[in-house]
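Following: one structure in structure tokens, then a few remarks.
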Amino acid sequence: MTERTILVPKSTESESATKGQHNEPHLARALGNRHIQLLAIGGAIGTGLFMGSGKTISLAGPSVIFVYMIIGSMLFFVMRAMGEILLSNLNYKSFSDFAGDLLGPWASFFTGWSYWFFWVVTGVADIVAIAGYVDKLAPGTPLWIPALITPVVLILLNLPSVKAFGEAEFWFAIIKVVAILALIITGIVMIATHFTSPNGAVASLSNLWNDGGMFPHGMFGFVLGFQIAIFAFAGIELVGTAAAETKDPEKNLPRAINSIPVRVLLFYVGALVVIMAVNPWHSIDPASSPFIGMFTLAGLGIAAVVINLVVLTSAASSANSGIYSTSRMVYGLAQDGNAPKAFGKLSSRKVPQNALLFSCIFLLAGLVLLYAGDSVIGAFTIVTSVASVLTMFVWSMILISYIVFRRRRPALHAASKFKMPGSAFMPYVVLAFFGFMLVALGQADDTRLALLVTPVWFLLLGAAWHFNRQTPLQQARIAEWKAVHDAEAVPVAG
């Protein structure tokens with residue numbers, strides 16, 4: 001007896017939906033290695049690090065270092081799982097495609113729309129952050145001005161071509177990297193020269209453990225630190241949505257994914273170690289960016305202003321990435337009959353402009369949130385908590401797809417040159433970690449709201465799928481998926 005090798009998984013959803021469309025433009029592989037590398041860095045360094053790390057430090061103290069290390073290591077396995085599946089079949093446009101191929105058409109629908117909603121929510125959070133920093137740079141500026149201008153700028157950045165988006169995101173990411181490296185170097189100098197702050201604190205690595213230890217609030221405070229920190233990593237999977245527009249994906253995707261541990265250690269852990277060594281953790285304002293606070297403390301007033309601009313740029317970068325990924329996700333959904341056909345059209349420049357405009361409209365919700373909340377950081381916390389639950393759902397779908405991939409397509413797994421380390425057990429470990437994260441989000445009032453809001457989203461999504469699955473196209477896709485699934489499950493005598 002030998003096992004059936006594979007039924008050539010052709011990303012059933014995407015190909016069956018695109019028959020007869022061969023004369024229409026297709027997504028172009030225009031993103032080179034430097035674009036993908038910096039896109040991955042931009043996804044890993046988001047607004048959550050610049051704006052949310054102050055609150056995370058106040059909750060967890062110096063143990064926040066371990067919080068970021070744990071989350072980063074867990075997400076490395078998610079990315080490796082995603083990378084192995086994407087490279088097993090270059091017809092996949094994104095993880096929504098392979099979720100539908102491996103788990104069924106319903107999974108493509110739920111994953112794609114949840115990822116779209118995640119980035120819309122994240123984009124709203126970014127606009128909230130942008131409005132807050134514009135107010136700091138130009139006090140008195142009406143909040144509605146940046147909240148209205150930002151979506152317009154994002155449309156202008158994304159409409160020309162995917163290469164234009166890649167160039168914009170490349171330079172956005174360069175700015176973030178330079179800013180963090182400048183902060184680390186400045187902090188090292190301050191520690192080496194035993195800088196003394198106005199409150200008498202002397203810069204020293206001992207500040208990490210001398211003020212209540214590494215876990216000043218005990219394990220409960222440590223757990224609370226995961227609430228905001230998880231959002232800092234949202235977007236790390238962004239390279240997965242760019243798979244269909246990446247040049248030489250077999251070489252460029254593994255490079256981007258394998259660099260994740262180094263990025264986490266340098267940009268997250270390195271920056272936070274320096275910040276808390278210079279400025280004892282209990283004196284860091286949870287309502288403001290510790291990055292800005294450290295440059296101000298160093299007496300580099302102009303640098304503090306520059307960092308304000310960098311943080312604003314970081315938020316714009318995150319929103320830019322979100323609009324890119326949502327437009328591609330909605331485009332893919334439309335190709336599969338899971339969204340209106342108009343969103344499956346490409347412009348002459350091979351950009352899904354209808355899907356792009358559709359997503360940008362929803363960013364205007366940031367206006368409502370800014371005027372409904374008590375503070376910018378309060379609004380930011382609520383929105384990021386909802387985004388965290390949504391992104392964990394998407395990450396979980398990637399892992400569940402990987403578990404099925406190994407079981408149903410062992411030949412492809414065996415032939416892979418980019419196997420996930422610990423593939424037999426790590427998906428289950430990471431899924432258990434996400435369960436722990438949901439418990440952590442339920443420990444505080446401002447993050448608990450997310451656990452109440454997101455079930456409503458899934459109920460609405462379930463109702464939408466109930467009606468959508470009745471269409472002839474979806475019935476055909478479901479029947480085709482079942483046929484492939486049944487055939488793969490049947491061993492062939494040899």
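In the structure tokens, chains take letters A, B, ... by order of appearance, with residues numbered from 1 within each chain and ligands from 1 in the order shown.
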Write out as a Markdown table a residue-level contact list of segment 380-488 of chain A versus segment 252-261 of chain A with cut-off 12 Å: for each qualifying residue the closest pair of atoms and the distance in Å to one decimal, counting only C-alpha atoms, rows sorted by chain and residue number upward.
```
| residue | atom | partner | partner_atom | distance |
| --- | --- | --- | --- | --- |
| A:Ser416 | CA | A:Pro254 | CA | 11.9 |
| A:Lys417 | CA | A:Pro254 | CA | 9.7 |
| A:Phe418 | CA | A:Pro254 | CA | 7.2 |
| A:Lys419 | CA | A:Pro254 | CA | 10.3 |
| A:Met420 | CA | A:Asn258 | CA | 10.8 |
| A:Pro421 | CA | A:Asn258 | CA | 11.4 |
```
Write the selection just made, keeping C-alpha atoms, as a PDB file, in the first residue's frame?
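Saved as part-v3.pdb:
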```
ATOM      1  CA  SER A 416       9.408  21.319   1.585  1.00  0.00           C
ATOM      2  CA  LYS A 417      12.713  23.186   1.805  1.00  0.00           C
ATOM      3  CA  PHE A 418      11.214  25.527   4.393  1.00  0.00           C
ATOM      4  CA  LYS A 419       9.745  23.218   7.017  1.00  0.00           C
ATOM      5  CA  MET A 420       8.345  24.680  10.209  1.00  0.00           C
ATOM      6  CA  PRO A 421      10.577  23.725  13.183  1.00  0.00           C
TER       7      PRO A 421
END
```
Test item, alpha helix (DSSP H) assignment across segment 309-466 of chain A, answer as a ChimeraX atom specification: /A:309-335,353-362,365-372,376-408,410-415,426-441,445-466
His485 of chain A surroundings by only C-alpha atoms, 9 Å radius, close-in-sequence under 6 positions cut, as a ChimeraX atom specification: /A:102,104,408
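The space between atom CA of Pro151 of chain A and atom CA of Cys360 of chain A spans 5.8 Å.
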Separation of atom CA of Leu181 of chain A from atom CA of Tyr68 of chain A in Å: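 Separating atom CA of Tyr68 of chain A from atom CA of Leu181 of chain A is a distance of 17.8 Å.
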Among the residues A:Ser73, A:Asn279, A:Gln335, A:Ser359, the one that comes closest to Val429 of chain A [using only C-alpha atoms]: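 Counting only C-alpha atoms, the residue closest to Val429 of chain A is A:Ser73.
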Selection: 9 Å around Met190 of chain A, only C-alpha atoms, excl. self and same-chain fewer than 3 positions, as a list in words: Ile185, Thr186, Gly187, Thr193, His194, Phe195, Thr196, Ala203, Ser204, Val278 and Ala298 of chain A
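Using only C-alpha atoms, the smallest distance between any of A:Val310, A:Val305, A:Ala334, A:Ala476 and Ala138 of chain A comes from A:Val305.
For the atom pair formed by atom CA of Asp97 of chain A and atom CA of Ile70 of chain A, the distance is 28.5 Å, given to one decimal.
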From A:Leu357, A:Ile57, A:Ala173, A:Met329, residue lying nearest Leu156 of chain A [only C-alpha atoms]: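 Result for the nearest residue to Leu156 of chain A: A:Leu357.
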Non-local contacts of Gly112 of chain A (10 Å; only C-alpha atoms; under 4 positions in same chain excluded) as a list of chain:residue names: A:Ser94, A:Phe95, A:Ser96, A:Asp97, A:Ala99, A:Gly100, A:Trp106, A:Ala107, A:Ser108, A:Trp116, A:Phe117, A:Phe118, A:Thr326, A:Arg328, A:Met329, A:Val330, A:Tyr331, A:Gly332, A:Leu333, A:Asn338, A:Val394
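Within the 7 Å cut-off around Phe215 of chain A, using only C-alpha atoms and omitting residues fewer than 5 positions from it on the same chain, the listed residues are Ala60, Gly61, Pro62, Ser63 and Phe222 of chain A.
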Spatial neighbours of Val306 of chain A, max dist 12 Å, only C-alpha atoms, sep filter under 3 positions, as a ChimeraX atom specification: /A:133,136-137,175-176,178-179,182-183,291-292,295-296,300-303,309-313
